[in-house]
$ cat start-v8.txt   # compact mmCIF, C-alpha atoms and all ligand atoms
# COMPACT_ATOMS: atom_id res chain seq x y z
CA MET A 1 -3.68 -9.10 -17.66
CA LYS A 2 -6.45 -6.85 -16.42
CA ILE A 3 -5.65 -3.24 -15.57
CA ILE A 4 -7.73 -2.26 -12.54
CA VAL A 5 -6.98 1.44 -12.18
CA THR A 6 -4.73 3.96 -13.91
CA THR A 7 -3.15 7.24 -12.84
CA PRO A 8 -1.20 9.76 -14.94
CA ARG A 9 2.09 7.80 -14.58
CA LEU A 10 1.05 4.35 -13.35
CA TYR A 11 -1.35 1.47 -13.69
CA LEU A 12 -2.36 -1.12 -11.11
CA ARG A 13 -3.09 -4.80 -11.73
CA GLU A 14 -3.16 -8.03 -9.73
CA LEU A 15 0.25 -9.40 -8.74
CA GLU A 16 1.47 -12.41 -10.74
CA HIS A 17 4.18 -15.00 -10.22
CA ASP A 18 6.16 -13.19 -12.96
CA ASP A 19 6.60 -10.33 -10.48
CA VAL A 20 8.93 -12.40 -8.26
CA GLU A 21 12.17 -10.69 -9.39
CA ASP A 22 10.80 -7.17 -8.88
CA LEU A 23 9.34 -7.98 -5.46
CA PHE A 24 12.55 -9.75 -4.46
CA GLU A 25 14.57 -6.65 -5.38
CA MET A 26 12.22 -4.60 -3.20
CA ASP A 27 11.83 -6.96 -0.25
CA ALA A 28 15.46 -8.04 0.10
CA ASP A 29 16.37 -4.40 0.84
CA PRO A 30 16.76 -3.78 4.61
CA ALA A 31 15.76 -0.10 4.18
CA VAL A 32 12.38 -1.17 2.79
CA HIS A 33 11.77 -3.39 5.84
CA ARG A 34 13.07 -0.96 8.44
CA TYR A 35 9.58 -0.17 9.79
CA ILE A 36 7.83 -3.41 8.87
CA GLU A 37 9.13 -6.05 11.27
CA ASN A 38 12.71 -5.48 10.04
CA LYS A 39 12.95 -8.88 8.36
CA PRO A 40 14.01 -8.46 4.72
CA VAL A 41 13.36 -11.60 2.66
CA GLN A 42 16.22 -13.99 1.96
CA THR A 43 14.84 -16.12 -0.87
CA ARG A 44 12.62 -15.87 -3.94
CA ASP A 45 10.55 -18.74 -2.48
CA GLU A 46 9.36 -16.43 0.28
CA ILE A 47 8.15 -13.99 -2.38
CA SER A 48 6.42 -16.78 -4.30
CA ARG A 49 4.55 -17.76 -1.16
CA VAL A 50 3.43 -14.15 -0.61
CA ILE A 51 2.16 -13.94 -4.21
CA SER A 52 0.23 -17.20 -3.74
CA MET A 53 -1.30 -15.80 -0.55
CA LEU A 54 -2.32 -12.59 -2.36
CA LYS A 55 -3.88 -14.61 -5.17
CA GLU A 56 -5.91 -16.44 -2.52
CA GLN A 57 -7.05 -13.06 -1.14
CA TYR A 58 -8.10 -11.88 -4.64
CA ARG A 59 -10.15 -15.07 -4.95
CA ALA A 60 -11.70 -14.92 -1.47
CA PHE A 61 -12.30 -11.18 -1.07
CA GLY A 62 -12.04 -9.76 -4.60
CA ILE A 63 -9.25 -7.45 -3.47
CA ALA A 64 -5.73 -7.38 -1.99
CA ARG A 65 -2.49 -5.48 -2.63
CA TRP A 66 -2.03 -4.74 -6.36
CA ALA A 67 1.12 -4.43 -8.45
CA VAL A 68 2.04 -0.82 -9.29
CA ILE A 69 3.46 -0.55 -12.81
CA ASP A 70 5.34 2.37 -14.36
CA LYS A 71 3.56 3.16 -17.64
CA GLU A 72 6.82 4.30 -19.25
CA ASN A 73 8.61 0.94 -19.14
CA ASN A 74 6.14 -1.55 -17.58
CA GLU A 75 8.39 -2.04 -14.56
CA CYS A 76 6.69 -3.35 -11.41
CA ILE A 77 7.92 -0.69 -8.95
CA GLY A 78 6.07 -1.97 -5.87
CA TRP A 79 2.58 -2.58 -4.62
CA ALA A 80 -0.37 -0.66 -3.19
CA GLY A 81 -3.83 -1.76 -2.25
CA LEU A 82 -6.50 -2.66 0.24
CA LYS A 83 -6.25 -5.63 2.54
CA TYR A 84 -9.50 -7.01 3.89
CA PHE A 85 -9.21 -7.93 7.57
CA ASN A 86 -11.74 -10.57 8.58
CA GLU A 87 -9.83 -11.11 11.83
CA PRO A 88 -9.93 -8.49 14.62
CA ILE A 89 -7.31 -5.72 14.58
CA ASN A 90 -7.35 -2.95 17.20
CA ASN A 91 -10.90 -4.01 18.17
CA HIS A 92 -12.13 -3.68 14.57
CA CYS A 93 -13.20 -6.50 12.29
CA ASN A 94 -14.22 -6.71 8.62
CA ILE A 95 -12.29 -3.58 7.70
CA TYR A 96 -10.21 -2.50 4.71
CA GLU A 97 -6.66 -1.33 5.33
CA LEU A 98 -4.56 0.69 2.88
CA GLY A 99 -0.96 -0.44 2.39
CA TYR A 100 1.94 0.34 0.02
CA ARG A 101 5.55 -0.60 -0.48
CA PHE A 102 8.02 0.47 -3.18
CA LYS A 103 11.55 -0.30 -4.32
CA GLN A 104 13.83 2.18 -2.59
CA LYS A 105 15.03 3.62 -5.92
CA HIS A 106 11.44 4.79 -6.56
CA TRP A 107 10.93 6.67 -3.29
CA GLY A 108 10.64 10.45 -3.44
CA LYS A 109 8.88 10.54 -6.82
CA GLY A 110 5.31 10.79 -5.57
CA PHE A 111 4.43 7.25 -6.70
CA ALA A 112 3.13 6.13 -3.29
CA THR A 113 0.71 9.03 -3.00
CA GLU A 114 -0.37 8.73 -6.66
CA SER A 115 -1.09 4.98 -6.52
CA ALA A 116 -2.61 4.99 -3.04
CA GLY A 117 -4.89 7.85 -4.09
CA ALA A 118 -6.22 5.70 -6.93
CA VAL A 119 -6.71 2.76 -4.54
CA LEU A 120 -8.75 4.94 -2.17
CA LYS A 121 -10.87 6.25 -5.02
CA TYR A 122 -11.59 2.63 -6.00
CA GLY A 123 -12.41 1.72 -2.40
CA PHE A 124 -14.82 4.58 -1.84
CA ASN A 125 -16.34 4.97 -5.31
CA ILE A 126 -16.35 1.40 -6.67
CA LEU A 127 -16.53 -0.74 -3.51
CA GLY A 128 -18.78 1.81 -1.78
CA LEU A 129 -16.78 1.92 1.45
CA GLU A 130 -17.39 4.68 3.99
CA THR A 131 -14.16 4.26 5.99
CA ILE A 132 -10.66 3.00 5.17
CA TYR A 133 -7.98 2.38 7.79
CA ALA A 134 -4.17 2.41 7.76
CA ILE A 135 -1.47 1.41 10.24
CA THR A 136 2.17 2.43 10.50
CA HIS A 137 5.18 2.09 12.75
CA PRO A 138 5.25 5.27 14.89
CA ASP A 139 8.64 6.29 13.41
CA ASN A 140 7.72 5.71 9.74
CA ASP A 141 7.59 9.40 8.82
CA ASN A 142 7.53 8.78 5.03
CA SER A 143 4.44 6.63 5.37
CA LYS A 144 2.74 9.06 7.75
CA ARG A 145 3.35 11.90 5.29
CA VAL A 146 1.67 9.88 2.53
CA LEU A 147 -1.33 9.18 4.77
CA THR A 148 -1.68 12.82 5.77
CA LYS A 149 -1.58 13.98 2.12
CA LEU A 150 -4.35 11.49 1.32
CA GLY A 151 -6.54 12.91 4.10
CA PHE A 152 -6.07 10.28 6.83
CA GLU A 153 -6.38 11.28 10.47
CA TYR A 154 -4.25 9.82 13.28
CA LYS A 155 -6.47 8.22 15.93
CA GLU A 156 -4.38 6.31 18.45
CA ARG A 157 -1.41 4.10 19.22
CA PHE A 158 -2.20 0.43 19.87
CA ASP A 159 -0.34 -2.78 20.56
CA TYR A 160 -0.13 -4.91 17.40
CA ASP A 161 1.30 -8.31 18.30
CA GLY A 162 3.63 -6.67 20.83
CA ASP A 163 4.66 -3.70 18.65
CA PRO A 164 3.43 -0.13 19.20
CA THR A 165 1.54 0.81 16.02
CA ASP A 166 -0.24 3.97 14.89
CA TRP A 167 -3.85 3.72 13.73
CA PHE A 168 -5.14 6.08 11.02
CA VAL A 169 -8.67 6.54 9.71
CA LEU A 170 -10.04 8.10 6.52
CA GLN A 171 -13.72 8.88 6.03
CA LYS A 172 -14.91 9.11 2.45
CA GLN A 173 -15.68 12.84 2.70
CA ASN A 174 -12.07 13.60 3.71
CA CYS A 175 -10.46 11.67 0.84
CA THR A 176 -8.27 14.15 -1.05
CA SER A 177 -7.99 11.94 -4.15
CA CYS A 178 -11.68 11.12 -4.54
CA SER A 179 -13.17 14.18 -6.19
CA PRO A 180 -14.78 13.45 -9.57
CA GLU A 181 -12.43 13.87 -12.57
C1 LIG B 201 6.37 4.68 2.68
C2 LIG B 201 6.76 4.87 1.22
C3 LIG B 201 5.81 4.11 0.32
C4 LIG B 201 6.68 6.38 0.93
O1 LIG B 201 7.11 6.61 -0.40
P1 LIG B 201 7.47 8.08 -0.91
O2 LIG B 201 8.08 7.95 -2.22
O3 LIG B 201 8.23 8.77 0.19
O4 LIG B 201 6.05 8.79 -0.96
P2 LIG B 201 5.40 9.84 -1.98
O5 LIG B 201 4.74 9.14 -3.09
O6 LIG B 201 4.51 10.71 -1.17
O7 LIG B 201 6.58 10.70 -2.55
C5 LIG B 201 7.41 11.47 -1.68
C6 LIG B 201 7.88 12.75 -2.29
O8 LIG B 201 8.05 12.67 -3.70
C7 LIG B 201 8.02 14.03 -4.16
N1 LIG B 201 7.77 14.06 -5.62
C8 LIG B 201 8.75 14.07 -6.54
N2 LIG B 201 8.22 14.06 -7.78
C9 LIG B 201 6.88 14.08 -7.66
C10 LIG B 201 5.81 14.10 -8.58
N3 LIG B 201 6.01 14.10 -9.90
N4 LIG B 201 4.54 14.10 -8.10
C11 LIG B 201 4.31 14.10 -6.79
N5 LIG B 201 5.30 14.10 -5.84
C12 LIG B 201 6.58 14.08 -6.28
C13 LIG B 201 6.94 14.69 -3.33
O9 LIG B 201 7.22 16.05 -3.15
C14 LIG B 201 6.94 13.90 -2.02
O10 LIG B 201 7.54 14.60 -0.96
P3 LIG B 201 6.70 15.53 0.08
O11 LIG B 201 5.65 14.68 0.71
O12 LIG B 201 7.71 15.98 1.04
O13 LIG B 201 6.11 16.62 -0.77
C15 LIG B 201 8.20 4.38 0.96
O14 LIG B 201 9.07 5.05 1.83
C16 LIG B 201 8.36 2.87 1.15
O15 LIG B 201 8.09 2.07 0.27
N6 LIG B 201 8.83 2.46 2.36
C17 LIG B 201 9.05 1.06 2.68
C18 LIG B 201 7.76 0.30 2.94
C19 LIG B 201 6.90 0.95 4.00
O16 LIG B 201 7.38 1.43 5.02
N7 LIG B 201 5.59 0.97 3.71
C20 LIG B 201 4.62 1.58 4.59
C21 LIG B 201 4.27 0.68 5.70
S1 LIG B 201 3.10 1.45 6.79

$ encode --input "start-v8.txt" --output "structure tokens" --more "lines below"
Ligand SMILES: CC(C)(COP(=O)(O)OP(=O)(O)OC[C@H]1O[C@@H](n2cnc3c(N)ncnc32)[C@H](O)[C@@H]1OP(=O)(O)O)[C@@H](O)C(=O)NCCC(=O)NCCS
Amino acid sequence: MKIIVTTPRLYLRELEHDDVEDLFEMDADPAVHRYIENKPVQTRDEISRVISMLKEQYRAFGIARWAVIDKENNECIGWAGLKYFNEPINNHCNIYELGYRFKQKHWGKGFATESAGAVLKYGFNILGLETIYAITHPDNDNSKRVLTKLGFEYKERFDYDGDPTDWFVLQKQNCTSCSPE
């Protein structure tokens, strides 16, 4: 297992098939899926297929969503990371998009902001990106608050496969988690 980045309370690594139970606990919860298509998973096979797809993204692009692990007990509490879009989205192509998702019992502890901040630092300082994007459901206030704390700016609402979706942009110089340690 290779640790990619660490924060005071967490570390991030690639997702593995051993993470199925933790991701199933997270993704079977309707509250977690409320603003992401509203289709909680029904089976562990669906999770296994997602992990296989992420492993393919690690191989093809060198990056994808990473497991977020609580240092205290090594629990996989969710995921955070950059997805590389090589297909057009909102008239952009070849972009990196920040995403995160956590088990409901771990909301409200600052873990999303802490892990996503480390992901952004990696994107700007290690990958050398100048801009990172994010999208949310217009009513996903928790996610929007995370983005705002990280320095993202709301740009516009667009139609994403028939759903109204908010488009956020972060330039490197506005990244609140990227100052040198
Ligand atoms: C979106 C999501 C990741 C946000 O998680 P979250 O836990 O609300 O986000 P944060 O990490 O910012 O933590 C929230 C609160 O924890 C509080 N907190 C408690 N202890 C803390 C600590 N030690 N350090 C920092 N913050 C702490 C903060 O005050 C913060 O609240 P505030 O912004 O009002 O100040 C979560 O709701 C989720 O997983 N949702 C389902 C999936 C989803 O919608 N993903 C996004 C798709 S676009």

$ residues_near_ligand --input "start-v8.txt" --ligand "ligand LIG 201 (chain B)" --cutoff "6 Å" --atoms "all atoms listed in the file" --output "PyMOL selection string"
chain A and resi 32+35+100-102+107-113+135-136+142-143+145-146

$ atom_distance --input "start-v8.txt" --atom1 "CA of Phe24 in chain A" --atom2 "CA of Val5 in chain A"
23.8 Å

$ residues_around --input "start-v8.txt" --residues "range 167-174 of chain A" --least-positions-apart "5" --cutoff "10 Å" --atoms "all atoms listed in the file" --output "CSV table (one decimal) with C-alpha atoms, keeping the file's coordinate frame"
chain,number,residue,atom,x,y,z
A,90,ASN,CA,-7.4,-3.0,17.2
A,97,GLU,CA,-6.7,-1.3,5.3
A,98,LEU,CA,-4.6,0.7,2.9
A,120,LEU,CA,-8.8,4.9,-2.2
A,121,LYS,CA,-10.9,6.2,-5.0
A,123,GLY,CA,-12.4,1.7,-2.4
A,124,PHE,CA,-14.8,4.6,-1.8
A,125,ASN,CA,-16.3,5.0,-5.3
A,128,GLY,CA,-18.8,1.8,-1.8
A,129,LEU,CA,-16.8,1.9,1.4
A,130,GLU,CA,-17.4,4.7,4.0
A,131,THR,CA,-14.2,4.3,6.0
A,132,ILE,CA,-10.7,3.0,5.2
A,133,TYR,CA,-8.0,2.4,7.8
A,134,ALA,CA,-4.2,2.4,7.8
A,135,ILE,CA,-1.5,1.4,10.2
A,136,THR,CA,2.2,2.4,10.5
A,137,HIS,CA,5.2,2.1,12.8
A,138,PRO,CA,5.2,5.3,14.9
A,144,LYS,CA,2.7,9.1,7.8
A,147,LEU,CA,-1.3,9.2,4.8
A,148,THR,CA,-1.7,12.8,5.8
A,150,LEU,CA,-4.4,11.5,1.3
A,151,GLY,CA,-6.5,12.9,4.1
A,152,PHE,CA,-6.1,10.3,6.8
A,153,GLU,CA,-6.4,11.3,10.5
A,154,TYR,CA,-4.2,9.8,13.3
A,155,LYS,CA,-6.5,8.2,15.9
A,156,GLU,CA,-4.4,6.3,18.4
A,157,ARG,CA,-1.4,4.1,19.2
A,158,PHE,CA,-2.2,0.4,19.9
A,179,SER,CA,-13.2,14.2,-6.2

$ closest_residue --input "start-v8.txt" --among "A:Pro88, A:Leu10, A:Asp163, A:Glu25" --to "Asn73 in chain A" --atoms "only C-alpha atoms"
A:Leu10

$ atom_distance --input "start-v8.txt" --atom1 "CA of Glu72 in chain A" --atom2 "CA of Arg9 in chain A"
7.5 Å

$ residues_around --input "start-v8.txt" --residues "Trp79 in chain A" --least-positions-apart "3" --cutoff "9 Å" --atoms "only C-alpha atoms" --output "PyMOL selection string"
chain A and resi 12+15+23+65-69+76+99-102+112+115

$ write_last_selection --input "start-v8.txt" --atoms "C-alpha atoms" --output "tab-separated table (two decimals), in the coordinates of the input"
chain	number	residue	atom	x	y	z
A	12	LEU	CA	-2.36	-1.12	-11.11
A	15	LEU	CA	0.25	-9.40	-8.74
A	23	LEU	CA	9.34	-7.98	-5.46
A	65	ARG	CA	-2.49	-5.48	-2.63
A	66	TRP	CA	-2.03	-4.74	-6.36
A	67	ALA	CA	1.12	-4.43	-8.45
A	68	VAL	CA	2.04	-0.82	-9.29
A	69	ILE	CA	3.46	-0.55	-12.81
A	76	CYS	CA	6.69	-3.35	-11.41
A	99	GLY	CA	-0.96	-0.44	2.39
A	100	TYR	CA	1.94	0.34	0.02
A	101	ARG	CA	5.55	-0.60	-0.48
A	102	PHE	CA	8.02	0.47	-3.18
A	112	ALA	CA	3.13	6.13	-3.29
A	115	SER	CA	-1.09	4.98	-6.52
